[in-house]
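Heads up, the thing below is written out as structure tokens.
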4 protein chains.
Amino acid sequence: MCRWIAYRGETIALEHYVTAPARSLVAQSLHALESTASTHGDGFGLGWYGDHPEPGLYREVRPAWSDDNLRYLCRHIRSHLFFAHVRSSTGTPITRPNCHPFACGRWLFMHNGMIGNWNRIRRRVEALIPDELYGSRIGTTDSEAVFLALLGAGLDRDPIGATARTLAAITEMTREEGRAEAMRFTAAVTNGKDLYAFRYAANDQANTLYYRAVGKDVVLVSEPLDEDRSDWQLVPPDHAVVARAGRAPEVVPFTVTRQVAAE
Amino acid sequence: MCRWIAYRGETIALEHYVTAPARSLVAQSLHALESTASTHGDGFGLGWYGDHPEPGLYREVRPAWSDDNLRYLCRHIRSHLFFAHVRSSTGTPITRPNCHPFACGRWLFMHNGMIGNWNRIRRRVEALIPDELYGSRIGTTDSEAVFLALLGAGLDRDPIGATARTLAAITEMTREEGRAEAMRFTAAVTNGKDLYAFRYAANDQANTLYYRAVGKDVVLVSEPLDEDRSDWQLVPPDHAVVARAGRAPEVVPFTVTRQVAAE
Amino acid sequence: MCRWIAYRGETIALEHYVTAPARSLVAQSLHALESTASTHGDGFGLGWYGDHPEPGLYREVRPAWSDDNLRYLCRHIRSHLFFAHVRSSTGTPITRPNCHPFACGRWLFMHNGMIGNWNRIRRRVEALIPDELYGSRIGTTDSEAVFLALLGAGLDRDPIGATARTLAAITEMTREEGRAEAMRFTAAVTNGKDLYAFRYAANDQANTLYYRAVGKDVVLVSEPLDEDRSDWQLVPPDHAVVARAGRAPEVVPFTVTRQVAAE
Amino acid sequence: MCRWIAYRGETIALEHYVTAPARSLVAQSLHALESTASTHGDGFGLGWYGDHPEPGLYREVRPAWSDDNLRYLCRHIRSHLFFAHVRSSTGTPITRPNCHPFACGRWLFMHNGMIGNWNRIRRRVEALIPDELYGSRIGTTDSEAVFLALLGAGLDRDPIGATARTLAAITEMTREEGRAEAMRFTAAVTNGKDLYAFRYAANDQANTLYYRAVGKDVVLVSEPLDEDRSDWQLVPPDHAVVARAGRAPEVVPFTVTRQVAAE
């Protein structure tokens, strides 16, 4: 399991969420409260938008809690839309290309979850990635493969639909071996303007997703950043948070239809 | 281009070849003489055999020339059969799983070369890897993909034939896009007993391969380790060096037949 | 706080203690039971003796739990005398030269503890290092400074006395600022033949030290390596374990006299 | 020898100097033209000023040429005053705290050069650092020690004088062993407003320093960033460049008086 934060709102220094709060993401890297993994020391990453249409990335294999570069960057980088992630690997190597968030063109993606039986279905998930995006697969995680599959499924035209269809296809793959493997997908994705987050699972409990909204600003987190949790709303399983550019965020049902064949 | 050493002979400390000679592999990492890349600072690796049937591995993303661990390990690790490699990346990320040598079961493999048009044919090369070995693909290099394809093609039963068939198939792939891309393959592979090295290229000059043999002992290198080069024999293109357990090394012709279809 | 193991006995692969046991050192790096720090992910190190009179070292800034090199090395390196250490930094940077164990000539040293008020007395502790050893100070930890001070105080002639005198001097320094700062020193040191371990503290509880002895073999640990703790003996505070070459280990009182002036 | 850039001018993305030019600093890291070291792969660093009075830092032990984080940061970080540095170590370990630039409060410092006989005079140079700054010595380089000594000598009140006095004192130290050791100091220092650069050597040729000025903007470099060198002016030895806030840069004589005793 991983821990992450997605922020969209007024331009601020990243430190306000990543390093400063009592239960900041960096604090969670050393000791998380709502994760099956108490420690998230298998690398981390930042992704943010500024003047350039494509996002910036800083990813590192060392734990977030001891990285001085991270502290300096979080103090100096200001953004209206950023992702931050601390990783607890489910088996794939600890390399920078395997750290979240992942970037492709204008898009950023990050994930907390896992795909059951990954080694057996990996090839079939990778086959969902279109040829023209396969060169963007620079790591080996299930998460990056899902991201590129989402882009291939039409993330830019229909984010909710593309995600639902891709998850339906992968959920089917996890089942075909005669028994149902767990699949958990609590993820955020953005094109630099619109922000989407999903909470979904099959054959398991969905990993937590909380949000806090004030006007059009929204913060999405794996677990609350404050000791006082009263400001944070839990997103129910099978729901998504949609925060389109210039509009207030909405929590909407998110249904992964299982009849992939009829698609 | 990369630089590498393969050694089979009396049990010695690795330092005798990796760090001590005037033109040692570590010296070559900072300044090589016969490589298109003068600097090989994109990671390195050691693989060696000892009491355990499976090899040991030490791979690191930092340059070899400044790694104190490497110096200590080369002084202390003794082996009768070892590989060492310094990398100059042709584009894939600098991660430990992308550093040579690669290990799978009892086998070790390392490579100096490249596959032209890699991003376009990568999927087809990966398709040569059998399902049961695909979980061993923990990196993203062309070299690792070729190694696993070789294993799938029967490296344990027929090393020369498996390599020839696999290279023929890949050479065909590099040509099918209407024009012939370069492919260079100067590689070593071993099961811990028998050692094989190959010098092959299509549509380009084959990367150099030298050897020095005394009795049953053999050292194979990308370029000589001494200022005095008179002890070193250049292996001709389209040749292999075969050093089977308990036997003196032989240089033999190595033909990659192009009629893959008739195989 | 850190966690460590020191082993002297029959030549074995390091994995038997470092990675294999239920409560192995690597398991402790992710979750320790008797440390104020539950996670020890601020780098780690191995030091071992083989054919060469000077020890080998492998030190790395990444957490031990995810380091594949460590697993390979622990399987392949065999030794009759080795140290292994996982670090939880008390403030000094996470660099390889700041990871334990520290080597100087034939000596190895590692430490679990801290010196109160380090930044204020650091210069005075460093002044205990003789000029001829100051070039060996390649890091910035309190531990490395103490090690070099011990060497300067006569570690090779009188290990117990040199340690007692040095700790007395440093304990005095921690007190002179008008109030008594904590100092904790649970450490191991060896010249490749004789092994010494110490459990000492001033103004605080001494960090734990356990041992298990069978004949002349001895294993010293910060906390037991097995779920079943019955084989492990707790070394009392103000005691040392002395395991001289070819002799069974002994637990002896270790007194740090405070009258440094009269020395 | 190292290579560096210091920029003061209109707010721009760092990529315009660090990664984009034909002979950019990153290009120099792989192949420099005017350095005794052709390769500068022993770590690198960025320091920059933004809204916060204290500078940001990004330092890393890997070579600059293969660091994806560096490329992203140089595209996204914009500054009116920044330093960038690629390192070729003269012996001190490759750690982040040993990478330039060094930061202390509002100050940034970076250096290309060396102090002869460093291991023998290190302690005396460190003794120039005032107690209240000694806790800021987190690395082990000669460069960091000189920086903290400069701060102790009054860098904030009299930058030119403090630098001259400190260099005079250190030059004396390099001579006292009976013979004159080389000392080279081509360095830049800033408080976030005023920028100073120095070209000095004793008993050796001073390392090169070039500048290009347009109005109040100035770029200072170890070697020109363009194939066309005609825009670049060589700063003579024993000269400094002074670029005070809001004023055009000036090249002024910089004299290191040797009569330290009379100071």
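Identifiers for the structure tokens are assigned positionally: chains receive A, B, ... in sequence, residues are indexed from 1 per chain, and ligands are indexed from 1 in the order shown.
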
As a PDB file with all heavy atoms, in the first residue's frame, please: the residues near Thr36 (chain A) (cut-off 12 Å, only C-alpha atoms, same-chain neighbours under 2 positions excluded).
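Writing done, so here's part_13.pdb:
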ATOM      1  N   MET A   1       0.836  -1.195   0.000  1.00  0.00           N
ATOM      2  CA  MET A   1       0.000   0.000   0.000  1.00  0.00           C
ATOM      3  C   MET A   1       0.871   1.244   0.000  1.00  0.00           C
ATOM      4  O   MET A   1       1.965   1.251   0.529  1.00  0.00           O
ATOM      5  CB  MET A   1      -0.869   0.027   1.257  1.00  0.00           C
ATOM      6  CG  MET A   1      -1.864  -1.099   1.288  1.00  0.00           C
ATOM      7  SD  MET A   1      -3.551  -0.522   1.362  1.00  0.00           S
ATOM      8  CE  MET A   1      -3.604   0.178   3.005  1.00  0.00           C
ATOM      9  N   CYS A   2       0.334   2.251  -0.572  1.00  0.00           N
ATOM     10  CA  CYS A   2       1.044   3.520  -0.669  1.00  0.00           C
ATOM     11  C   CYS A   2       0.209   4.596   0.026  1.00  0.00           C
ATOM     12  O   CYS A   2      -0.913   4.352   0.485  1.00  0.00           O
ATOM     13  CB  CYS A   2       1.247   3.889  -2.128  1.00  0.00           C
ATOM     14  SG  CYS A   2       2.083   2.580  -3.070  1.00  0.00           S
ATOM     15  N   ARG A   3       0.738   5.782   0.122  1.00  0.00           N
ATOM     16  CA  ARG A   3       0.017   6.963   0.622  1.00  0.00           C
ATOM     17  C   ARG A   3       0.222   8.074  -0.392  1.00  0.00           C
ATOM     18  O   ARG A   3       1.323   8.240  -0.904  1.00  0.00           O
ATOM     19  CB  ARG A   3       0.564   7.425   1.990  1.00  0.00           C
ATOM     20  CG  ARG A   3       0.552   6.419   3.127  1.00  0.00           C
ATOM     21  CD  ARG A   3      -0.833   6.218   3.725  1.00  0.00           C
ATOM     22  NE  ARG A   3      -1.557   5.159   3.040  1.00  0.00           N
ATOM     23  CZ  ARG A   3      -2.793   4.751   3.361  1.00  0.00           C
ATOM     24  NH1 ARG A   3      -3.444   5.310   4.360  1.00  0.00           N
ATOM     25  NH2 ARG A   3      -3.380   3.802   2.671  1.00  0.00           N
ATOM     26  N   HIS A  31       5.374   6.579   9.348  1.00  0.00           N
ATOM     27  CA  HIS A  31       4.382   5.905  10.185  1.00  0.00           C
ATOM     28  C   HIS A  31       2.970   6.288   9.748  1.00  0.00           C
ATOM     29  O   HIS A  31       2.460   7.338  10.125  1.00  0.00           O
ATOM     30  CB  HIS A  31       4.592   6.255  11.651  1.00  0.00           C
ATOM     31  CG  HIS A  31       3.748   5.431  12.561  1.00  0.00           C
ATOM     32  ND1 HIS A  31       3.759   4.040  12.534  1.00  0.00           N
ATOM     33  CD2 HIS A  31       2.823   5.775  13.485  1.00  0.00           C
ATOM     34  CE1 HIS A  31       2.906   3.592  13.421  1.00  0.00           C
ATOM     35  NE2 HIS A  31       2.317   4.608  14.007  1.00  0.00           N
ATOM     36  N   ALA A  32       2.365   5.417   8.978  1.00  0.00           N
ATOM     37  CA  ALA A  32       0.998   5.637   8.525  1.00  0.00           C
ATOM     38  C   ALA A  32       0.025   4.966   9.482  1.00  0.00           C
ATOM     39  O   ALA A  32       0.369   4.001  10.159  1.00  0.00           O
ATOM     40  CB  ALA A  32       0.822   5.090   7.110  1.00  0.00           C
ATOM     41  N   LEU A  33      -1.183   5.503   9.542  1.00  0.00           N
ATOM     42  CA  LEU A  33      -2.169   4.984  10.486  1.00  0.00           C
ATOM     43  C   LEU A  33      -3.209   4.081   9.837  1.00  0.00           C
ATOM     44  O   LEU A  33      -3.746   3.195  10.484  1.00  0.00           O
ATOM     45  CB  LEU A  33      -2.890   6.156  11.167  1.00  0.00           C
ATOM     46  CG  LEU A  33      -1.986   7.097  11.967  1.00  0.00           C
ATOM     47  CD1 LEU A  33      -2.795   8.257  12.522  1.00  0.00           C
ATOM     48  CD2 LEU A  33      -1.267   6.352  13.083  1.00  0.00           C
ATOM     49  N   GLU A  34      -3.525   4.306   8.582  1.00  0.00           N
ATOM     50  CA  GLU A  34      -4.622   3.560   7.961  1.00  0.00           C
ATOM     51  C   GLU A  34      -4.143   2.663   6.826  1.00  0.00           C
ATOM     52  O   GLU A  34      -4.906   2.352   5.918  1.00  0.00           O
ATOM     53  CB  GLU A  34      -5.679   4.534   7.430  1.00  0.00           C
ATOM     54  CG  GLU A  34      -6.266   5.385   8.529  1.00  0.00           C
ATOM     55  CD  GLU A  34      -7.495   6.157   8.065  1.00  0.00           C
ATOM     56  OE1 GLU A  34      -8.215   5.664   7.176  1.00  0.00           O
ATOM     57  OE2 GLU A  34      -7.726   7.244   8.603  1.00  0.00           O
ATOM     58  N   SER A  38       2.880  -0.029   7.671  1.00  0.00           N
ATOM     59  CA  SER A  38       3.032   1.167   8.506  1.00  0.00           C
ATOM     60  C   SER A  38       4.129   2.064   7.939  1.00  0.00           C
ATOM     61  O   SER A  38       4.098   3.271   8.101  1.00  0.00           O
ATOM     62  CB  SER A  38       3.332   0.785   9.954  1.00  0.00           C
ATOM     63  OG  SER A  38       4.642   0.316  10.077  1.00  0.00           O
ATOM     64  N   THR A  39       5.113   1.469   7.244  1.00  0.00           N
ATOM     65  CA  THR A  39       6.226   2.230   6.692  1.00  0.00           C
ATOM     66  C   THR A  39       6.103   2.316   5.178  1.00  0.00           C
ATOM     67  O   THR A  39       5.808   1.313   4.534  1.00  0.00           O
ATOM     68  CB  THR A  39       7.563   1.536   7.055  1.00  0.00           C
ATOM     69  OG1 THR A  39       7.627   1.402   8.467  1.00  0.00           O
ATOM     70  CG2 THR A  39       8.747   2.332   6.552  1.00  0.00           C
ATOM     71  N   HIS A  40       6.323   3.507   4.633  1.00  0.00           N
ATOM     72  CA  HIS A  40       6.305   3.694   3.184  1.00  0.00           C
ATOM     73  C   HIS A  40       7.638   4.294   2.776  1.00  0.00           C
ATOM     74  O   HIS A  40       7.743   5.483   2.517  1.00  0.00           O
ATOM     75  CB  HIS A  40       5.131   4.594   2.778  1.00  0.00           C
ATOM     76  CG  HIS A  40       3.803   4.002   3.123  1.00  0.00           C
ATOM     77  ND1 HIS A  40       3.296   4.042   4.388  1.00  0.00           N
ATOM     78  CD2 HIS A  40       2.915   3.292   2.371  1.00  0.00           C
ATOM     79  CE1 HIS A  40       2.121   3.398   4.411  1.00  0.00           C
ATOM     80  NE2 HIS A  40       1.878   2.935   3.208  1.00  0.00           N
ATOM     81  N   SER A  88       5.088   1.961  -0.821  1.00  0.00           N
ATOM     82  CA  SER A  88       5.427   0.706  -0.167  1.00  0.00           C
ATOM     83  C   SER A  88       5.254  -0.351  -1.232  1.00  0.00           C
ATOM     84  O   SER A  88       4.138  -0.678  -1.623  1.00  0.00           O
ATOM     85  CB  SER A  88       4.497   0.466   1.026  1.00  0.00           C
ATOM     86  OG  SER A  88       4.779  -0.771   1.602  1.00  0.00           O
ATOM     87  N   SER A  89       6.362  -0.859  -1.735  1.00  0.00           N
ATOM     88  CA  SER A  89       6.329  -1.730  -2.915  1.00  0.00           C
ATOM     89  C   SER A  89       5.606  -3.033  -2.621  1.00  0.00           C
ATOM     90  O   SER A  89       5.746  -3.617  -1.546  1.00  0.00           O
ATOM     91  CB  SER A  89       7.754  -2.045  -3.370  1.00  0.00           C
ATOM     92  OG  SER A  89       7.743  -3.061  -4.333  1.00  0.00           O
ATOM     93  N   THR A  90       4.840  -3.507  -3.603  1.00  0.00           N
ATOM     94  CA  THR A  90       4.245  -4.841  -3.497  1.00  0.00           C
ATOM     95  C   THR A  90       5.091  -5.868  -4.249  1.00  0.00           C
ATOM     96  O   THR A  90       4.598  -6.945  -4.545  1.00  0.00           O
ATOM     97  CB  THR A  90       2.806  -4.827  -4.046  1.00  0.00           C
ATOM     98  OG1 THR A  90       2.824  -4.267  -5.373  1.00  0.00           O
ATOM     99  CG2 THR A  90       1.894  -4.014  -3.169  1.00  0.00           C
ATOM    100  N   ASN A 112      -2.666   3.909  -5.421  1.00  0.00           N
ATOM    101  CA  ASN A 112      -2.495   3.123  -4.207  1.00  0.00           C
ATOM    102  C   ASN A 112      -3.350   1.883  -4.381  1.00  0.00           C
ATOM    103  O   ASN A 112      -4.569   1.989  -4.464  1.00  0.00           O
ATOM    104  CB  ASN A 112      -2.942   3.922  -2.985  1.00  0.00           C
ATOM    105  CG  ASN A 112      -3.020   3.063  -1.742  1.00  0.00           C
ATOM    106  OD1 ASN A 112      -2.340   2.050  -1.644  1.00  0.00           O
ATOM    107  ND2 ASN A 112      -3.860   3.474  -0.802  1.00  0.00           N
ATOM    108  N   GLY A 113      -2.704   0.739  -4.446  1.00  0.00           N
ATOM    109  CA  GLY A 113      -3.469  -0.485  -4.623  1.00  0.00           C
ATOM    110  C   GLY A 113      -2.608  -1.581  -5.184  1.00  0.00           C
ATOM    111  O   GLY A 113      -1.382  -1.543  -5.064  1.00  0.00           O
ATOM    112  N   GLN A 205     -11.471  -5.108   0.160  1.00  0.00           N
ATOM    113  CA  GLN A 205     -11.893  -3.784   0.597  1.00  0.00           C
ATOM    114  C   GLN A 205     -11.128  -2.725  -0.176  1.00  0.00           C
ATOM    115  O   GLN A 205      -9.912  -2.840  -0.357  1.00  0.00           O
ATOM    116  CB  GLN A 205     -11.588  -3.617   2.081  1.00  0.00           C
ATOM    117  CG  GLN A 205     -12.475  -4.467   2.958  1.00  0.00           C
ATOM    118  CD  GLN A 205     -12.836  -3.721   4.211  1.00  0.00           C
ATOM    119  OE1 GLN A 205     -11.979  -3.211   4.905  1.00  0.00           O
ATOM    120  NE2 GLN A 205     -14.132  -3.625   4.491  1.00  0.00           N
ATOM    121  N   ASN A 207      -9.111   0.545  -0.850  1.00  0.00           N
ATOM    122  CA  ASN A 207      -8.224   1.394  -0.059  1.00  0.00           C
ATOM    123  C   ASN A 207      -8.866   2.765   0.162  1.00  0.00           C
ATOM    124  O   ASN A 207      -9.514   3.294  -0.732  1.00  0.00           O
ATOM    125  CB  ASN A 207      -6.874   1.573  -0.777  1.00  0.00           C
ATOM    126  CG  ASN A 207      -6.049   0.293  -0.772  1.00  0.00           C
ATOM    127  OD1 ASN A 207      -6.401  -0.675  -0.113  1.00  0.00           O
ATOM    128  ND2 ASN A 207      -4.951   0.306  -1.519  1.00  0.00           N
ATOM    129  N   THR A 208      -8.620   3.320   1.328  1.00  0.00           N
ATOM    130  CA  THR A 208      -9.303   4.557   1.707  1.00  0.00           C
ATOM    131  C   THR A 208      -8.947   5.729   0.792  1.00  0.00           C
ATOM    132  O   THR A 208      -7.858   5.801   0.233  1.00  0.00           O
ATOM    133  CB  THR A 208      -8.933   4.948   3.149  1.00  0.00           C
ATOM    134  OG1 THR A 208      -7.519   4.917   3.263  1.00  0.00           O
ATOM    135  CG2 THR A 208      -9.565   4.002   4.141  1.00  0.00           C
TER     136      THR A 208
END

Using only C-alpha atoms, find the residues of chain D whose closest atom to chain A is at most 12 Å away, then write them as JSON, numbers by chain.
{"D": [12, 13, 45, 46, 47, 48, 49, 50, 51, 52, 53, 54, 55, 56, 57, 58, 59, 60, 61, 62, 67, 68, 69, 70, 71, 72, 73, 74, 75, 76, 77, 78, 79, 96, 97, 103]}

Dump N, CA and C atoms for the selected residues as a tab-separated table (two decimals), in the first residue's frame?
chain	number	residue	atom	x	y	z
D	12	ILE	N	14.29	33.47	-15.24
D	12	ILE	CA	14.16	32.52	-16.35
D	12	ILE	C	14.18	31.09	-15.81
D	13	ALA	N	13.78	30.16	-16.66
D	13	ALA	CA	13.91	28.75	-16.30
D	13	ALA	C	15.39	28.37	-16.35
D	45	GLY	N	24.88	19.77	-8.33
D	45	GLY	CA	23.93	20.47	-7.49
D	45	GLY	C	23.39	21.72	-8.14
D	46	LEU	N	22.20	22.10	-7.71
D	46	LEU	CA	21.55	23.37	-8.06
D	46	LEU	C	21.26	24.12	-6.77
D	47	GLY	N	21.43	25.43	-6.82
D	47	GLY	CA	20.96	26.30	-5.74
D	47	GLY	C	20.30	27.50	-6.37
D	48	TRP	N	19.14	27.91	-5.86
D	48	TRP	CA	18.43	29.01	-6.51
D	48	TRP	C	17.61	29.80	-5.49
D	49	TYR	N	17.30	31.05	-5.85
D	49	TYR	CA	16.48	31.91	-5.01
D	49	TYR	C	15.13	32.14	-5.66
D	50	GLY	N	14.09	32.13	-4.83
D	50	GLY	CA	12.74	32.41	-5.30
D	50	GLY	C	12.06	33.35	-4.32
D	51	ASP	N	10.83	33.02	-3.92
D	51	ASP	CA	10.10	33.89	-3.00
D	51	ASP	C	10.68	33.82	-1.58
D	52	HIS	N	11.20	32.68	-1.23
D	52	HIS	CA	11.71	32.47	0.12
D	52	HIS	C	13.09	33.13	0.24
D	53	PRO	N	13.40	33.76	1.38
D	53	PRO	CA	14.71	34.41	1.49
D	53	PRO	C	15.88	33.43	1.45
D	54	GLU	N	15.64	32.19	1.88
D	54	GLU	CA	16.72	31.20	1.83
D	54	GLU	C	16.63	30.43	0.52
D	55	PRO	N	17.78	30.05	0.00
D	55	PRO	CA	17.79	29.40	-1.32
D	55	PRO	C	17.27	27.97	-1.27
D	56	GLY	N	16.82	27.49	-2.41
D	56	GLY	CA	16.54	26.07	-2.59
D	56	GLY	C	17.79	25.34	-3.00
D	57	LEU	N	17.82	24.04	-2.73
D	57	LEU	CA	18.97	23.21	-3.09
D	57	LEU	C	18.48	21.89	-3.67
D	58	TYR	N	19.16	21.43	-4.70
D	58	TYR	CA	18.97	20.06	-5.18
D	58	TYR	C	20.36	19.50	-5.45
D	59	ARG	N	20.75	18.52	-4.67
D	59	ARG	CA	22.08	17.93	-4.83
D	59	ARG	C	21.95	16.41	-4.92
D	60	GLU	N	22.77	15.83	-5.74
D	60	GLU	CA	22.62	14.40	-6.01
D	60	GLU	C	23.98	13.80	-6.34
D	61	VAL	N	24.18	12.55	-5.93
D	61	VAL	CA	25.49	11.90	-6.14
D	61	VAL	C	25.65	11.31	-7.54
D	62	ARG	N	24.57	11.13	-8.25
D	62	ARG	CA	24.68	10.57	-9.60
D	62	ARG	C	25.20	11.61	-10.57
D	67	ASP	N	20.43	12.33	-15.06
D	67	ASP	CA	19.45	12.54	-14.00
D	67	ASP	C	18.18	13.18	-14.56
D	68	ASP	N	17.13	12.39	-14.64
D	68	ASP	CA	15.86	12.91	-15.15
D	68	ASP	C	15.28	13.99	-14.25
D	69	ASN	N	15.46	13.83	-12.95
D	69	ASN	CA	14.96	14.87	-12.05
D	69	ASN	C	15.55	16.23	-12.41
D	70	LEU	N	16.83	16.25	-12.71
D	70	LEU	CA	17.49	17.51	-13.05
D	70	LEU	C	16.84	18.15	-14.28
D	71	ARG	N	16.53	17.34	-15.27
D	71	ARG	CA	15.91	17.91	-16.47
D	71	ARG	C	14.54	18.50	-16.17
D	72	TYR	N	13.76	17.78	-15.37
D	72	TYR	CA	12.44	18.32	-15.00
D	72	TYR	C	12.57	19.60	-14.17
D	73	LEU	N	13.48	19.58	-13.21
D	73	LEU	CA	13.62	20.75	-12.34
D	73	LEU	C	14.11	21.95	-13.13
D	74	CYS	N	15.04	21.74	-14.04
D	74	CYS	CA	15.57	22.87	-14.82
D	74	CYS	C	14.51	23.45	-15.76
D	75	ARG	N	13.57	22.64	-16.13
D	75	ARG	CA	12.48	23.17	-16.97
D	75	ARG	C	11.48	23.95	-16.12
D	76	HIS	N	11.28	23.54	-14.88
D	76	HIS	CA	10.19	24.10	-14.09
D	76	HIS	C	10.61	25.16	-13.08
D	77	ILE	N	11.84	25.11	-12.63
D	77	ILE	CA	12.26	26.10	-11.64
D	77	ILE	C	12.74	27.35	-12.37
D	78	ARG	N	12.19	28.47	-11.97
D	78	ARG	CA	12.56	29.76	-12.55
D	78	ARG	C	13.18	30.62	-11.46
D	79	SER	N	14.22	31.35	-11.82
D	79	SER	CA	14.91	32.13	-10.81
D	79	SER	C	15.64	33.31	-11.45
D	96	ARG	N	25.90	13.57	-0.98
D	96	ARG	CA	25.15	14.82	-1.22
D	96	ARG	C	25.71	15.99	-0.43
D	97	PRO	N	26.05	15.83	0.87
D	97	PRO	CA	26.57	17.01	1.58
D	97	PRO	C	27.92	17.49	1.04
D	103	ALA	N	24.81	25.70	1.16
D	103	ALA	CA	23.93	26.76	1.64
D	103	ALA	C	24.09	26.93	3.14

Determine which residues of region 21-252 of chain D receive a DSSP assignment of strand (DSSP E), computed from the backbone, and state them as a ChimeraX atom specification.
/D:44-48,56-60,78-86,102-104,107-115,183-190,195-202,210-214,217-221,233-234,239-243,250-252

Mind checking which residues fall within 8 Å of region 128-135 of chain A, counting only C-alpha atoms, ignoring those fewer than 6 positions away in the same chain, and posting them as a ChimeraX atom specification?
/A:145,148-149,152 /B:119-120

Output all heavy atoms for every residue in that selection, as an mmCIF file, in the first residue's frame.
data_model
loop_
_atom_site.group_PDB
_atom_site.id
_atom_site.type_symbol
_atom_site.label_atom_id
_atom_site.label_comp_id
_atom_site.auth_asym_id
_atom_site.auth_seq_id
_atom_site.Cartn_x
_atom_site.Cartn_y
_atom_site.Cartn_z
ATOM 1 N N ALA A 145 1.543 0.467 -16.009
ATOM 2 C CA ALA A 145 0.856 -0.228 -17.106
ATOM 3 C C ALA A 145 -0.612 0.188 -17.157
ATOM 4 O O ALA A 145 -1.175 0.434 -18.236
ATOM 5 C CB ALA A 145 0.989 -1.743 -16.940
ATOM 6 N N LEU A 148 -0.926 3.761 -18.668
ATOM 7 C CA LEU A 148 -0.798 3.812 -20.120
ATOM 8 C C LEU A 148 -1.987 3.130 -20.795
ATOM 9 O O LEU A 148 -2.435 3.561 -21.874
ATOM 10 C CB LEU A 148 0.531 3.180 -20.544
ATOM 11 C CG LEU A 148 1.777 3.921 -20.021
ATOM 12 C CD1 LEU A 148 3.052 3.151 -20.356
ATOM 13 C CD2 LEU A 148 1.855 5.349 -20.572
ATOM 14 N N ALA A 149 -2.525 2.106 -20.155
ATOM 15 C CA ALA A 149 -3.747 1.484 -20.692
ATOM 16 C C ALA A 149 -4.915 2.464 -20.645
ATOM 17 O O ALA A 149 -5.726 2.544 -21.579
ATOM 18 C CB ALA A 149 -4.070 0.213 -19.908
ATOM 19 N N GLY A 152 -4.640 4.812 -23.428
ATOM 20 C CA GLY A 152 -5.022 4.146 -24.663
ATOM 21 C C GLY A 152 -6.526 3.961 -24.782
ATOM 22 O O GLY A 152 -7.085 3.915 -25.888
ATOM 23 N N ASN B 119 12.599 0.757 -29.697
ATOM 24 C CA ASN B 119 11.258 1.086 -29.216
ATOM 25 C C ASN B 119 10.163 0.540 -30.118
ATOM 26 O O ASN B 119 9.066 0.248 -29.654
ATOM 27 C CB ASN B 119 11.105 2.605 -29.021
ATOM 28 C CG ASN B 119 11.445 3.007 -27.598
ATOM 29 O OD1 ASN B 119 11.341 2.190 -26.688
ATOM 30 N ND2 ASN B 119 11.874 4.242 -27.417
ATOM 31 N N ARG B 120 10.468 0.389 -31.402
ATOM 32 C CA ARG B 120 9.429 -0.126 -32.300
ATOM 33 C C ARG B 120 9.325 -1.646 -32.290
ATOM 34 O O ARG B 120 8.262 -2.178 -32.564
ATOM 35 C CB ARG B 120 9.685 0.375 -33.720
ATOM 36 C CG ARG B 120 9.496 1.890 -33.800
ATOM 37 C CD ARG B 120 9.691 2.426 -35.174
ATOM 38 N NE ARG B 120 8.640 1.987 -36.090
ATOM 39 C CZ ARG B 120 8.511 2.451 -37.326
ATOM 40 N NH1 ARG B 120 9.362 3.363 -37.775
ATOM 41 N NH2 ARG B 120 7.556 2.022 -38.099
#

Give me the residues near Tyr200 (chain D) as a list in words, where near means some atom within 7 Å (using only C-alpha atoms) and where sequence neighbours in that chain fewer than 5 positions away do not count.
Arg184, Phe185, Thr186, Ala206, Pro237 and Asp238 of chain D

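All residues of protein, DNA or RNA that reach within 12 Å of Arg247 (chain A), judged by only C-alpha atoms and not counting those fewer than 4 positions away in the chain, are Arg8, Gly9, Lys193, Asp194, Leu195, Ala213, Val214, Gly215, Lys216, Asp217, Val218, Val242 and Ala243 of chain A.
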
Residues within 7 Å of region 19-28 of chain D, please, as a PyMOL selection string. Count only C-alpha atoms; anything in the same chain fewer than 3 positions from it doesn't count.
chain D and resi 4+15-16+31-32+64-65+225-227

A straight line from CA of Thr11 (chain B) to CA of Val221 (chain B) spans 18.1 Å
